[in-house]
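In what follows, a single structure is set out as structure tokens and then discussed.
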Amino acid sequence: MTTDTGISLTEVASAKVASLLAQEGRDDLYLRVAVQPGGCSGLRYQLYFDDRAMDDDVERSFGTVKVKVDKMSDPYLAGATIDFVDTIEKQGFTIDNPNAQGSCACGDSFH
């Protein structure tokens with residue numbers, strides 16, 4: 001099932017994911033974004049490469065990059081934007097999520 005997840009990747013994040021996927025040397029992987037219980041604020045994000053598909057996955061493509069979100073996580077991620085920052089202070093993926101009412105100081109979890 002392929003529908004619009006409402007999650008988006010910036011061009012910078014999409015390019016970084018494509019680069020990381022190329023390093024893996026496999027063309028069957030995609031970026032899975034999930035929300036799981038845990039972290040200091042109750043929910044935490046998970047971003048990882050996956051080759052397993054679930055029947056209720058919601059999929060969206062950004063160029064050559066496919067992003068899949070499970071049905072339970074999708075409402076928490078609607079309207080969220082994933083970016084990649086590379087500064088002297090921080091390097092990594094960031095998630096700007098309008099559904100988060102608050103987050104912890106480390107930015108890894110939200111409620």
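Labels for the structure tokens follow display order: chains A, B, ..., residues from 1 in each chain, ligands from 1.
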Item checked: Residues near region 67-84 of chain A, cut-off 9 Å, only C-alpha atoms, skip fewer than 5 positions along chain, as number ranges by chain -> A: 5-14, 16, 30-36, 50, 53-62, 91-100
Once DSSP has gone over the backbone, tell me which residues of chain A are in helix (DSSP H, G or I), as a compact mmCIF listing (two decimals) with all heavy atoms, in the first residue's frame.
# COMPACT_ATOMS: atom_id res chain seq x y z
N GLU A 11 15.88 18.34 1.09
CA GLU A 11 16.80 17.90 0.05
C GLU A 11 18.13 17.44 0.64
O GLU A 11 18.71 16.46 0.19
CB GLU A 11 17.04 19.01 -0.97
CG GLU A 11 15.86 19.23 -1.89
CD GLU A 11 16.16 20.25 -2.98
OE1 GLU A 11 17.31 20.33 -3.43
OE2 GLU A 11 15.23 20.95 -3.38
N VAL A 12 18.60 18.14 1.66
CA VAL A 12 19.86 17.77 2.32
C VAL A 12 19.74 16.41 2.98
O VAL A 12 20.63 15.56 2.84
CB VAL A 12 20.28 18.85 3.35
CG1 VAL A 12 21.50 18.41 4.15
CG2 VAL A 12 20.54 20.18 2.66
N ALA A 13 18.64 16.16 3.69
CA ALA A 13 18.44 14.87 4.35
C ALA A 13 18.31 13.75 3.32
O ALA A 13 18.88 12.67 3.48
CB ALA A 13 17.21 14.91 5.24
N SER A 14 17.57 14.01 2.25
CA SER A 14 17.40 13.01 1.20
C SER A 14 18.73 12.65 0.57
O SER A 14 19.02 11.46 0.34
CB SER A 14 16.43 13.53 0.14
OG SER A 14 16.22 12.56 -0.85
N ALA A 15 19.57 13.64 0.30
CA ALA A 15 20.89 13.39 -0.29
C ALA A 15 21.76 12.58 0.67
O ALA A 15 22.49 11.67 0.25
CB ALA A 15 21.58 14.71 -0.65
N LYS A 16 21.69 12.88 1.97
CA LYS A 16 22.49 12.15 2.96
C LYS A 16 22.02 10.70 3.05
O LYS A 16 22.84 9.77 3.10
CB LYS A 16 22.40 12.83 4.33
CG LYS A 16 23.26 12.18 5.39
CD LYS A 16 24.74 12.26 5.03
CE LYS A 16 25.62 11.71 6.13
NZ LYS A 16 27.05 11.78 5.79
N VAL A 17 20.71 10.47 3.08
CA VAL A 17 20.18 9.11 3.13
C VAL A 17 20.60 8.35 1.88
O VAL A 17 21.04 7.20 1.96
CB VAL A 17 18.64 9.11 3.29
CG1 VAL A 17 18.09 7.70 3.12
CG2 VAL A 17 18.25 9.66 4.66
N ALA A 18 20.49 8.99 0.70
CA ALA A 18 20.89 8.34 -0.56
C ALA A 18 22.37 7.96 -0.52
O ALA A 18 22.76 6.87 -0.95
CB ALA A 18 20.60 9.26 -1.74
N SER A 19 23.19 8.84 0.03
CA SER A 19 24.63 8.57 0.15
C SER A 19 24.89 7.39 1.08
O SER A 19 25.71 6.51 0.78
CB SER A 19 25.34 9.83 0.66
OG SER A 19 26.68 9.56 0.98
N LEU A 20 24.20 7.37 2.22
CA LEU A 20 24.37 6.26 3.17
C LEU A 20 23.88 4.95 2.58
O LEU A 20 24.50 3.89 2.77
CB LEU A 20 23.64 6.57 4.48
CG LEU A 20 24.22 7.71 5.31
CD1 LEU A 20 23.27 8.09 6.44
CD2 LEU A 20 25.59 7.34 5.86
N LEU A 21 22.78 5.00 1.84
CA LEU A 21 22.27 3.79 1.19
C LEU A 21 23.25 3.28 0.14
O LEU A 21 23.45 2.07 0.01
CB LEU A 21 20.90 4.06 0.55
CG LEU A 21 19.73 4.12 1.51
CD1 LEU A 21 18.49 4.65 0.80
CD2 LEU A 21 19.44 2.76 2.12
N ALA A 22 23.87 4.19 -0.60
CA ALA A 22 24.87 3.80 -1.61
C ALA A 22 26.05 3.10 -0.94
O ALA A 22 26.59 2.12 -1.49
CB ALA A 22 25.33 5.02 -2.40
N GLN A 23 26.45 3.57 0.24
CA GLN A 23 27.55 2.93 0.98
C GLN A 23 27.18 1.52 1.40
O GLN A 23 28.05 0.66 1.50
CB GLN A 23 27.92 3.75 2.21
CG GLN A 23 28.60 5.07 1.91
CD GLN A 23 28.86 5.88 3.16
OE1 GLN A 23 28.86 5.36 4.27
NE2 GLN A 23 29.07 7.18 2.99
N GLU A 24 25.90 1.28 1.66
CA GLU A 24 25.46 -0.06 2.05
C GLU A 24 25.56 -1.04 0.88
O GLU A 24 25.65 -2.24 1.09
CB GLU A 24 24.01 -0.02 2.56
CG GLU A 24 23.83 0.69 3.88
CD GLU A 24 24.45 -0.05 5.05
OE1 GLU A 24 24.39 -1.29 5.07
OE2 GLU A 24 25.00 0.62 5.93
N ASP A 74 2.50 6.66 12.11
CA ASP A 74 2.15 7.68 11.11
C ASP A 74 1.44 8.91 11.68
O ASP A 74 1.83 10.03 11.37
CB ASP A 74 1.34 7.03 9.98
CG ASP A 74 1.21 7.95 8.79
OD1 ASP A 74 2.24 8.48 8.33
OD2 ASP A 74 0.07 8.16 8.33
N PRO A 75 0.43 8.75 12.55
CA PRO A 75 -0.24 9.95 13.08
C PRO A 75 0.70 10.86 13.88
O PRO A 75 0.54 12.08 13.88
CB PRO A 75 -1.34 9.40 13.98
CG PRO A 75 -1.57 8.01 13.52
CD PRO A 75 -0.25 7.52 12.99
N TYR A 76 1.69 10.28 14.55
CA TYR A 76 2.64 11.07 15.34
C TYR A 76 3.60 11.84 14.45
O TYR A 76 4.24 12.80 14.89
CB TYR A 76 3.47 10.17 16.26
CG TYR A 76 2.67 9.53 17.36
CD1 TYR A 76 2.32 8.20 17.29
CD2 TYR A 76 2.28 10.25 18.48
CE1 TYR A 76 1.59 7.58 18.31
CE2 TYR A 76 1.56 9.66 19.50
CZ TYR A 76 1.22 8.33 19.41
OH TYR A 76 0.49 7.74 20.42
N LEU A 77 3.75 11.40 13.19
CA LEU A 77 4.75 11.99 12.29
C LEU A 77 4.14 12.84 11.18
O LEU A 77 4.86 13.38 10.35
CB LEU A 77 5.60 10.87 11.67
CG LEU A 77 6.43 10.08 12.68
CD1 LEU A 77 6.99 8.82 12.05
CD2 LEU A 77 7.54 10.95 13.26
Margin query: Please report the interatomic distance between CA of Tyr45 (chain A) and CA of Lys90 (chain A) in Å with one decimal.
Written below: 17.5 Å
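One distance worth recording is that between CA of Asp86 (chain A) and CA of Asp27 (chain A), which is 25.6 Å.
Taking CA of Asp51 (chain A) as the reference point, CA of Lys66 (chain A) is found at 11.0 Å.
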Note to self: Let's see if you can do this: from backbone DSSP, list all strand (DSSP E) residues in region 26-108 of chain A, as number ranges by chain.
What the structure shows: A: 30-37, 43-50, 58-62, 65-69, 81-86, 91-96
